[in-house]
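Undergrad: You'll find upload32.cif just under this line, and it carries mmCIF, C-alpha atoms.
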```cif
data_run
#
loop_
_atom_site.label_atom_id
_atom_site.label_comp_id
_atom_site.auth_asym_id
_atom_site.auth_seq_id
_atom_site.Cartn_x
_atom_site.Cartn_y
_atom_site.Cartn_z
CA MET A 806 62.97 137.67 86.30
CA ALA A 807 65.83 138.61 83.99
CA ASP A 808 68.19 135.96 82.61
CA VAL A 809 71.58 135.86 84.29
CA PRO A 810 74.41 136.29 81.74
CA ALA A 811 76.34 133.06 81.12
CA SER A 812 79.58 134.49 82.53
CA GLU A 813 77.79 135.44 85.78
CA ALA A 814 76.24 131.97 86.02
CA ARG A 815 79.70 130.43 85.53
CA ARG A 816 81.22 132.60 88.27
CA ALA A 817 78.30 131.79 90.58
CA PHE A 818 78.89 128.06 89.99
CA LEU A 819 82.61 128.46 90.67
CA ARG A 820 81.85 130.19 93.96
CA THR A 821 80.06 127.03 95.12
CA LEU A 822 83.30 125.06 94.77
CA GLU A 823 86.06 124.86 97.38
CA LYS A 824 89.63 123.62 97.25
CA GLY A 825 89.72 119.98 98.39
CA GLN A 826 86.07 119.33 97.54
CA VAL A 827 85.33 115.97 95.86
CA ARG A 828 82.96 116.15 92.88
CA ARG A 829 81.59 113.83 90.22
CA GLY A 830 81.98 114.90 86.62
CA THR A 831 82.18 113.80 83.02
CA VAL A 832 85.23 114.00 80.76
CA SER A 833 84.27 116.51 78.08
CA SER A 834 87.55 116.78 76.15
CA VAL A 835 90.91 114.97 75.98
CA SER A 836 94.20 116.10 74.41
CA ASP A 837 97.75 114.75 74.66
CA VAL A 838 98.55 116.96 77.69
CA ASP A 839 95.28 117.56 79.54
CA ALA A 840 91.58 116.89 79.73
CA LEU A 841 88.50 118.86 80.67
CA VAL A 842 86.00 117.53 83.21
CA ASP A 843 82.47 118.98 83.21
CA LEU A 844 81.33 119.36 86.80
CA GLY A 845 77.80 120.32 85.86
CA GLY A 846 78.29 123.95 85.06
CA PHE A 847 81.95 124.46 84.36
CA ASP A 848 84.85 122.49 82.89
CA GLY A 849 87.76 121.84 85.24
CA LEU A 850 91.24 121.42 83.79
CA LEU A 851 92.80 118.02 84.50
CA ARG A 852 96.52 118.12 83.69
CA THR A 853 98.36 114.90 82.85
CA PRO A 854 100.38 114.80 86.12
CA GLU A 855 97.10 114.87 88.07
CA VAL A 856 95.64 111.79 86.36
CA SER A 857 97.68 109.11 88.14
CA TRP A 858 100.76 108.50 90.29
CA GLN A 859 102.23 106.52 87.37
CA ARG A 860 104.64 108.15 84.98
CA ARG A 861 102.60 108.82 81.87
CA GLU A 862 104.10 106.71 79.13
CA VAL A 863 100.96 106.46 76.97
CA PRO A 864 98.84 109.23 75.42
CA LEU A 865 96.19 110.61 77.77
CA GLY A 866 93.52 109.58 75.25
CA GLN A 867 94.35 105.93 76.03
CA VAL A 868 93.60 106.52 79.71
CA LEU A 869 90.54 108.80 79.55
CA ARG A 870 87.71 109.03 77.05
CA VAL A 871 85.10 111.70 76.35
CA GLY A 872 81.89 110.86 78.19
CA GLN A 873 83.66 108.90 80.95
CA ASP A 874 82.30 109.54 84.46
CA VAL A 875 85.03 110.43 86.96
CA THR A 876 85.38 111.55 90.56
CA VAL A 877 87.86 114.39 91.07
CA THR A 878 89.18 116.66 93.77
CA VAL A 879 89.08 120.42 93.27
CA LEU A 880 92.71 121.64 93.37
CA ASP A 881 92.25 125.33 92.62
CA VAL A 882 89.28 127.56 91.93
CA ASP A 883 89.34 131.23 90.96
CA ALA A 884 85.89 132.63 90.14
CA ASP A 885 87.33 136.01 89.16
CA ARG A 886 89.53 134.45 86.47
CA ASP A 887 87.07 131.69 85.47
CA TRP A 888 89.66 129.08 86.42
CA LEU A 889 89.27 125.60 87.88
CA THR A 890 91.79 122.75 88.16
CA VAL A 891 91.00 119.22 89.31
CA SER A 892 92.83 115.99 90.17
CA LEU A 893 92.12 112.29 89.84
CA LYS A 894 95.30 111.08 91.57
CA SER A 895 94.54 112.92 94.82
CA LEU A 896 91.87 110.27 95.47
CA GLN A 897 94.35 107.41 94.91
CA ASP A 898 96.81 105.97 97.43
CA ASP A 899 100.31 107.34 96.91
CA PRO A 900 102.53 104.33 96.14
CA PHE A 901 105.64 106.36 96.99
CA ARG A 902 104.55 106.93 100.61
CA GLU A 903 103.75 103.24 101.08
CA PHE A 904 107.12 102.31 99.57
CA ALA A 905 108.93 104.76 101.89
CA ARG A 906 107.31 103.22 104.99
CA THR A 907 108.50 99.73 104.18
CA HIS A 908 111.69 99.75 102.09
CA VAL A 909 114.52 101.86 103.59
CA GLY A 910 117.60 99.64 103.93
CA HIS A 911 116.22 96.86 101.75
CA VAL A 912 118.37 95.32 99.05
CA VAL A 913 116.37 94.72 95.89
CA PRO A 914 116.86 94.02 92.20
CA GLY A 915 115.83 96.83 89.89
CA ARG A 916 115.75 97.58 86.18
CA VAL A 917 117.67 100.58 84.76
CA THR A 918 115.17 103.00 83.19
CA GLU A 919 117.47 105.89 82.31
CA VAL A 920 121.19 106.62 82.13
CA ALA A 921 122.31 110.19 82.88
CA SER A 922 125.54 112.00 83.68
CA ILE A 923 124.59 112.08 87.39
CA GLY A 924 124.03 108.31 87.52
CA VAL A 925 121.42 105.76 86.55
CA PHE A 926 117.75 105.68 87.41
CA VAL A 927 116.52 102.28 88.54
CA ARG A 928 112.90 101.13 88.95
CA VAL A 929 112.91 99.43 92.32
CA HIS A 930 109.17 98.99 92.79
CA ASP A 931 105.95 99.58 90.88
CA HIS A 932 105.92 103.29 89.97
CA VAL A 933 109.01 104.03 92.13
CA GLU A 934 112.42 104.84 90.70
CA GLY A 935 115.60 105.77 92.49
CA LEU A 936 118.92 107.32 91.53
CA LEU A 937 122.10 105.31 91.74
CA PRO A 938 124.64 108.17 91.73
CA ALA A 939 127.54 108.02 89.29
CA SER A 940 129.89 107.99 92.31
CA GLU A 941 128.42 104.58 93.30
CA LEU A 942 129.23 103.06 89.90
CA PRO A 943 132.54 101.24 89.63
CA GLU A 944 135.26 102.88 87.52
CA ARG A 945 135.26 101.22 84.11
CA GLU A 946 137.57 101.67 81.19
CA ASP A 947 134.92 101.11 78.54
CA ASP A 948 131.49 102.79 78.27
CA ASP A 949 130.08 99.44 77.13
CA GLN A 950 130.68 98.18 80.67
CA HIS A 951 128.42 100.84 82.28
CA PRO A 952 124.82 99.96 83.07
CA ALA A 953 122.41 100.42 80.17
CA VAL A 954 118.65 100.86 80.00
CA GLY A 955 117.07 97.49 80.67
CA ASP A 956 119.93 96.09 82.77
CA VAL A 957 119.02 94.62 86.16
CA LEU A 958 121.10 95.81 89.13
CA VAL A 959 121.04 94.79 92.78
CA VAL A 960 120.72 98.00 94.82
CA GLU A 961 120.13 99.08 98.39
CA ILE A 962 117.48 101.66 99.21
CA ALA A 963 119.95 103.99 100.96
CA ASP A 964 117.70 107.01 101.61
CA ILE A 965 114.18 108.24 100.88
CA ASN A 966 113.25 111.92 100.92
CA LEU A 967 109.46 112.12 101.17
CA ASP A 968 109.28 115.89 100.67
CA ARG A 969 111.25 115.81 97.41
CA ARG A 970 109.99 112.32 96.43
CA ARG A 971 113.53 111.10 95.86
CA VAL A 972 115.09 107.68 96.42
CA LYS A 973 118.87 107.38 96.72
CA LEU A 974 120.33 103.99 95.92
CA GLY A 975 123.60 102.23 96.64
CA LEU A 976 125.10 99.46 94.51
CA ARG A 977 125.35 96.04 96.14
CA ASP A 978 127.12 92.81 95.25
CA GLY A 979 125.54 91.16 92.28
CA GLY A 980 124.89 94.54 90.62
#
```
In structure tokens, how does this file's structure come out?
TA:
Amino acid sequence: MADVPASEARRAFLRTLEKGQVRRGTVSSVSDVDALVDLGGFDGLLRTPEVSWQRREVPLGQVLRVGQDVTVTVLDVDADRDWLTVSLKSLQDDPFREFARTHVGHVVPGRVTEVASIGVFVRVHDHVEGLLPASELPEREDDDQHPAVGDVLVVEIADINLDRRRVKLGLRDGG
């Protein structure tokens, strides 16, 4: 029996995979922006946004390590192009969906995480931020009076768009 060329063996392995399939693997490489997960015949690309629902504020190397065993979902597989992408977060509960089910209309304190020309972004729950539009902010004569990163504001969860993963906030008394 003749040896199968490595590229044919790789394509054959890829053809055994399907989108949505859950597989065990081992982290084989980690960079600042992605990691590779060996699924026992081929490395799948794990991009930073597919690691966790959290905003990535630390280097990926502090979250994953080479040799770490992981369970991933196959996102995309293309045997003709030798391409495979995988996800860790697809196996985790989405905190945004849970938040959306329980928080519309609630008035909550939140910490300003970013100030932009369109308004201020406020963390209103673990891993959930909303936009308090500039039009909701009171007119102030001095920029020093506008909310700054780190300030705590009292806001109402005015609207949640699940499809776009957006939270619109309104300013309430005490903010």
Undergrad: Pick from A:Val933, A:Ala905, A:Leu880, A:Val959: nearest to Trp858 of chain A, with only C-alpha atoms counted?
TA: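 Using only C-alpha atoms, Trp858 of chain A sits closest to A:Val933.
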Undergrad: What's around Thr831 of chain A at 7 Å? Count only C-alpha atoms, leave out sequence neighbours fewer than 5 positions away in its own chain, and write the answer as a PyMOL selection string.
TA: chain A and resi 842-844+872-875
Undergrad: Please, what distance in Å, to one decimal, runs between atom CA of Leu967 of chain A and atom CA of Arg916 of chain A?
TA: 21.8 Å
Undergrad: How far is it from atom CA of Glu961 of chain A to atom CA of Val912 of chain A, in Å with one decimal?
TA: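 Separation of atom CA of Glu961 of chain A and atom CA of Val912 of chain A: 4.2 Å.
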Undergrad: Starting from the shown file, work through the PyMOL selection byres ((chain A and resi 883) around 10) and note down what comes out as a PyMOL selection string.
TA: chain A and resi 816+819-820+822-824+881-882+884-890
Undergrad: Which of these residues is nearest to Val929 of chain A, using all atoms listed in the file: A:Phe847, A:Leu841, A:Ser895, A:Lys973?
TA: A:Lys973
Undergrad: What would the list of residues within 7 Å of (120.1, 107.2, 90.8) (file frame) look like as a ChimeraX atom specification, if only C-alpha atoms are what count?
TA: /A:924-927,935-938,973-974
Undergrad: Figure out the distance between atom CA of Ser940 of chain A and atom CA of Glu903 of chain A, please, to one decimal in Å.
TA: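 Calculated distance between atom CA of Glu903 of chain A and atom CA of Ser940 of chain A is 28.0 Å.
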Undergrad: Using all atoms listed in the file, find the one residue out of A:Gly975, A:Pro952, A:Asp839, A:Arg870 that sits nearest to Glu919 of chain A.
TA: A:Pro952
